[in-house]
Amino acid sequence: MHRSDPHAIDGKLPAPSARYDVVVIGAGPSGLAAAIEAAKAGKSVLLADEHPVPGAAMGNDVPLFFGGRMTTATLNAERMIETIFISEPALEVAMLAGVEVQLGTAAWAVYRNGPALASLPERVVGLADASRAWLVGFDELVIATGARDLAIGFPGWNQPGVMGAAALTMLLSRYQAFAGKRVLFIGSHDLALETALLAHEKGVDVAGIVEVRDAPQGSAELVQSIHAARIPIHTGDVVARADGGIDGVEHAVLRSGLEIACDTICLAIGVVPSIELLDAMGGKRTLDPMRGGFIPADEPAIRFVGDCAGLPDTGFDHVAYRMEWAQAFGAVSAPDTIVCQCEEVTRADLIGVQPPNYLPRPDAMCARSLETLLHDGPANPDQIKRLTRAGMGVCQGRRCRDQVAMMLALEAGKPFGTIPLATHRAPVRPIPLNILADWEEGDDMRAGWDVWFGIPTQWIPYRDIGTPREQQHQDAIGGNMSL
Amino acid sequence: MKVVVVGGGVTGLSSAWWLARSGAQVTVLDKFIVGWEASGRNGGGASHYQSPLFEEEQRLWPQMDALLGYPTEHSKERIVIAVTEKQLRQYHYIAQMNNDMGYRVDLLDAKQSQAAVPLAGENCLGGMHYRFGGHANPQRTTQAYAWALQDLGGKIVQHSPVSGFETSGGKVVAVESASGRHECDALVVAAGPQTGMLMAKLGVDVPLASARAEMIVTEPAPMMPLGGVDGNGLYGRQTLRGNLAYGGGPHEWIEVGEGGPTARPTSPLTRNLARRLAELFPKAAHLNVIRSWAGVIENTPDGRPVIDRMSDPENVVVATMSGVGFGLSPASGHAVRDLVIEGHCTFTDIAKLSLSRFEGIGADWREARGWLPIT
Ligand SMILES: Cc1cc2nc3c(=O)[nH]c(=O)nc-3n(C[C@H](O)[C@H](O)[C@H](O)COP(=O)(O)OP(=O)(O)OC[C@H]3O[C@@H](n4cnc5c(N)ncnc54)[C@H](O)[C@@H]3O)c2cc1C
């Protein structure tokens with residue numbers, strides 16, 4: 001006779017609280033275009049975008065590397081929503097076309113049935129705003145999450161004022177809330193040049209551009225515009241250190257000895273396609289150096305549009321360029337240069353695979369390192385993450401995941417990509433417990449909840465097994481025990 | 001004596017380490033990397049008063065850092081707090097049951113609980129304080145066993161799935177794996193969910209059903225005086241960094257093939273875990289959840305471990321821990337070592353963990369319990 005297990009998940013996961021023909025995640029140009037097109041075709045469309053993100057998330061460099069350089073205006077969520085609507089007229093076009101637009105709404109997971117998971121009533125995307133989380137069903141899912149900042153550390157990068165190009169663009173163009181006055185740019189490919197020009201146009205003082213290679217890397221046209229704006233480009237040089245005070249960066253010192261006054265250093269070496277949702281749902285990814293790194297591969301159920309599908313291929317090898325920067329920053333760094341800001345992991349501790357400072361480091365531990373670990377097989381970034389805690393913090397590895405992968409490749413003497421990136425996990429945005437919580441969970445979930453498997457015999461004290469006391473314990477506590 | 005251990009989880013690694021300490025020449029084979037399955041994905045709890053290995057577990061944990069030479073983050077004792085009357089009744093029953101066995105558990109009233117657990121709230125009705133048990137960091141502990149084993153000259157071959165065995169004269173004489181053939185005088189099978197499939201190749205039936213279980217973790221909270229706080233249908237711990245790592249609730253029965261789990265996805269259950277954690281620790285309810293994960297656990301029909309030496313082939317020891325294997329690992333390894341070297345467990349009676357209890361179990365035992373994957 002087939003009985004059912006009351007403590008198994010079967011039938012307990014809820015149906016989504018809303019359903020649309022098309023759900024689009026990300027209201028950048030590609031997401032907006034996809035949403036408008038679908039609405040015009042008569043579909044019910046939800047377009048969700050996480051901006052404006054809550055101040056606390058911004059302070060943790062989620063989802064972009066804001067580096068603490070946002071004005072206090074960003075703390076006023078309602079005003080920010082207005083500002084974003086004004087900055088992006090296409091949002092209104094979308095609404096007029098019938099798209100339901102939800103700003104300040106982050107997608108934190110996509111769930112679907114597949115290997116080892118058959119309990120979902122249907123495919124859903126998890127959404128959250130500043131007050132609640134919910135699940136949404138869809139016929140078609142379009143992911144247009146864009147690209148996020150690539151950070152590579154150097155001495156002093158772990159202070160306010162060091163930020164990323166995508167964050168700066170966002171603050172300048174959508175939030176109108178950049179707090180810096182004078183910015184030095186790192187990198188000279190199109191991203192850096194475009195961001196520097198945008199800053200210049202918005203009245204920000206651009207202190208210069210630093211390029212590790214011997215010539216500017218961006219298109220001739222952009223380089224021309226940079227010259228026209230009288231922005232100096234320092235080629236064959238790197239930022240060796242950022243010095244600062246209580247408010248963060250005050251100046252940068254280049255390897256050549258040149259000192260440049262600035263309150264902001266913008267890492268504009270590259271951006272990486274935002275594939276968190278795909279990766280966290282177990283989707284396949286592939287490395288394409290020409291398109292910005294790891295990008296979605298063979299994922300028929302979901303459409304990826306815009307930068308998250310891969311940067312436009314202009315024949316530029318982004319990965320080779322980043323690796324050159326990583327190597328140069330490595331050379332100017334010290335053993336105590338921080339790699340993971342959240343967990344304060346230094347380069348030496350990462351390469352030494354050493355535990356955090358609150359744990360003892362006996363001799364045997366000190367004798368271990370990445371090198372000894374490599375004797376056991378290829379480096380596994382998740383294993384190294386668990387041992388060193390690099391990437392385990394509240395920014396969810398946004399600031400260090402990529403540079404850790406690059407450092408491991410450099411240390412192991414292997415090409416980037418032979419060592420995979422540490423995986424992303426749901427929720428792919430940090431979300432407070434009381435917001436993520438399902439406060440409306442069903443009776444089945446509550447009734448069937450057990451701390452562990454609910455197997456009553458599992459917890460019977462050994463001496464009582466096979467005695468009358470066994471039944472008595474089972475009746476009193478069932479499977480409910482603590483581990 | 002040459003011993004091959006199949007499985008680089010805590011059970012296999014602890015066994016290997018104990019065997020190496022006794023002078024055996026040990027090789028551990030794992031299909032991927034050490035601790036990648038349940039051993040690196042669990043709650044870290046180590047308070048298994050129901051087990052015959054309990055006293056050995058309790059004796060060993062406080063010494064493990066020193067014995068292994070690497071930090072495990074072991075922390076002593078546990079507190080369990082209730083937010084419903086039903087929970088409180090159950091916890092008090094458990095307290096009594098332990099006190100009857102001579103394992104001290106103190107009852108806490110609401111005030112005492114709130115004082116002992118600073119993140120608890122007004123909704124806390126009371127609880128109990130185990131003056132034993134504790135928790136450790138699963139990933140660090142697994143790696144510590146592995147490194148300690150290597151320090152004793154033991155070998156670990158990762159990325160080396162075992163595909164079969166060579167027997168001769170009633171013994172296993174070699175193990176076939178992706179890294180080739182490994183000769184042995186004794187074999188230990190501690191392969192988690194695949195234990196049954198591997199033992200079947202030796203003609204031994206080990207009834208097991210596997211399921212997926214989920215956990216979540218928050219950003220660091222202010223440190224509580226005691227990190228091992230459970231309750232409200234959750235198990236877990238505050239890590240030494242301050243993160244709250246908790247699991248509990250419904251599991252999903254799955255089919256696991258010879259290659260092991262093909263995926264370890266989480267589900268929207270994350271939200272139900274978040275809710276219970278917010279209720280357990282109202283003062284931490286504003287903290288961000290930053291990750292979730294799942295692991296696969298194998299269970300025997302009664303949910304109790306099997307630790308046993310076979311009669312045919314007679315040089316094989318099997319250890320499958322049914323969901324309580326992390327905490328017991330210092331002791332389960334000792335028991336396995338004893339079975340391999342002495343032929344019996346020297347420090348306690350484990351007769352009721354033998355495989356013979358399932359002799360004659362119906363082929364439909366999973367159906368009878370409803371322990372089947374969703375179709
Ligand atoms: C979410 C979760 C929470 C838990 N919480 C707790 C807790 O708080 N306290 C507690 O005590 N326990 C807990 N457990 C249970 C505990 O994790 C397991 O009981 C324990 O880790 C089992 O260890 P193991 O070494 O026996 O098996 P596993 O960890 O499953 O290791 C088996 C190993 O064998 C390898 N293997 C399998 N087949 C082959 C093959 N053919 N060839 C080579 N290698 C192979 C696998 O790769 C794997 O590394 C929890 C488990 C989960 C998933």
# chains A, B, ... in the order shown; residues from 1 in each chain; ligands from 1

call {"tool": "residues_near_ligand", "arguments": {"ligand": "ligand 1", "cutoff": "6 Å", "atoms": "only C-alpha atoms and all ligand atoms", "output": "PyMOL selection string"}}
result
(chain A and resi 483) or (chain B and resi 6-12+29-32+34-39+41-46+160-163+190-192+194+213-215+294-297+320-328)

call {"tool": "residues_around", "arguments": {"residues": "Gly257 in chain B", "least_positions_apart": "3", "cutoff": "10 Å", "atoms": "only C-alpha atoms", "output": "compact mmCIF listing (two decimals) with N, CA and C atoms, in the first residue's frame"}}
result
# COMPACT_ATOMS: atom_id res chain seq x y z
N PRO B 193 24.49 8.38 0.07
CA PRO B 193 23.34 7.81 -0.64
C PRO B 193 23.70 6.63 -1.56
N GLN B 194 24.94 6.57 -2.02
CA GLN B 194 25.32 5.49 -2.95
C GLN B 194 25.76 4.23 -2.24
N MET B 197 23.85 1.12 -3.40
CA MET B 197 24.20 0.65 -4.74
C MET B 197 25.56 -0.04 -4.77
N ILE B 254 14.10 11.80 -3.26
CA ILE B 254 14.60 11.82 -4.63
C ILE B 254 15.24 10.47 -4.97
N GLY B 260 25.62 9.57 -8.06
CA GLY B 260 25.33 10.49 -6.97
C GLY B 260 24.30 11.53 -7.40
N PRO B 261 23.98 12.46 -6.52
CA PRO B 261 22.99 13.48 -6.84
C PRO B 261 23.44 14.27 -8.08
N THR B 262 22.51 14.55 -8.99
CA THR B 262 22.89 15.32 -10.18
C THR B 262 22.71 16.82 -9.95

call {"tool": "interface_residues", "arguments": {"of": "chain B", "to": "chain A", "cutoff": "6 Å", "atoms": "only C-alpha atoms", "output": "PyMOL selection string"}}
result
chain B and resi 45+50-52+69-70+90+219+233-234+248-252+254+263+271-272+274-275+278+285-292+302-304+367-370

call {"tool": "residues_around", "arguments": {"residues": "Ala196 in chain A", "least_positions_apart": "2", "cutoff": "12 Å", "atoms": "only C-alpha atoms", "output": "PyMOL selection string"}}
result
chain A and resi 164-166+168-169+172+182-194+198-210+218+222-223+225-227+229-233+265-268

call {"tool": "residues_around", "arguments": {"residues": "Gln96 in chain B", "least_positions_apart": "4", "cutoff": "8 Å", "atoms": "only C-alpha atoms", "output": "short mmCIF file (atom, residue, chain, number, x, y, z; two decimals) with N, CA and C atoms, in the first residue's frame"}}
result
data_model
loop_
_atom_site.label_atom_id
_atom_site.label_comp_id
_atom_site.auth_asym_id
_atom_site.auth_seq_id
_atom_site.Cartn_x
_atom_site.Cartn_y
_atom_site.Cartn_z
N HIS B 92 10.20 19.95 26.88
CA HIS B 92 10.28 19.52 28.28
C HIS B 92 10.29 17.99 28.38
N ASP B 100 16.61 11.49 32.63
CA ASP B 100 16.47 10.09 33.04
C ASP B 100 17.70 9.27 32.66
N VAL B 105 19.97 18.24 31.44
CA VAL B 105 19.30 19.29 30.69
C VAL B 105 18.57 20.17 31.69
#

call {"tool": "closest_residue", "arguments": {"among": "A:Gln327, A:Thr314, A:Thr346, A:Thr74", "to": "Val212 in chain A", "atoms": "only C-alpha atoms"}}
result
A:Gln327

call {"tool": "select_by_dssp", "arguments": {"residues": "range 92-290 of chain B", "states": "helix (DSSP H, G or I)", "output": "ChimeraX atom specification"}}
result
/B:92-101,110-116,138-151,192-200,269-280,282-284

call {"tool": "select_by_dssp", "arguments": {"residues": "range 166-225 of chain B", "states": "strand (DSSP E)", "output": "list in words"}}
result
Glu166, Thr167, Ser168, Lys171, Val172, Val173, Ala174, Val175, Glu176, Ser177, Gly180, Arg181, His182, Glu183, Ala186, Leu187, Val188, Val189, Ala209, Ser210, Ala211, Arg212, Ala213, Glu214, Met215, Ile216, Val217 and Thr218 of chain B

call {"tool": "atom_distance", "arguments": {"atom1": "CA of Asn299 in chain B", "atom2": "CA of Tyr246 in chain B"}}
result
20.6 Å
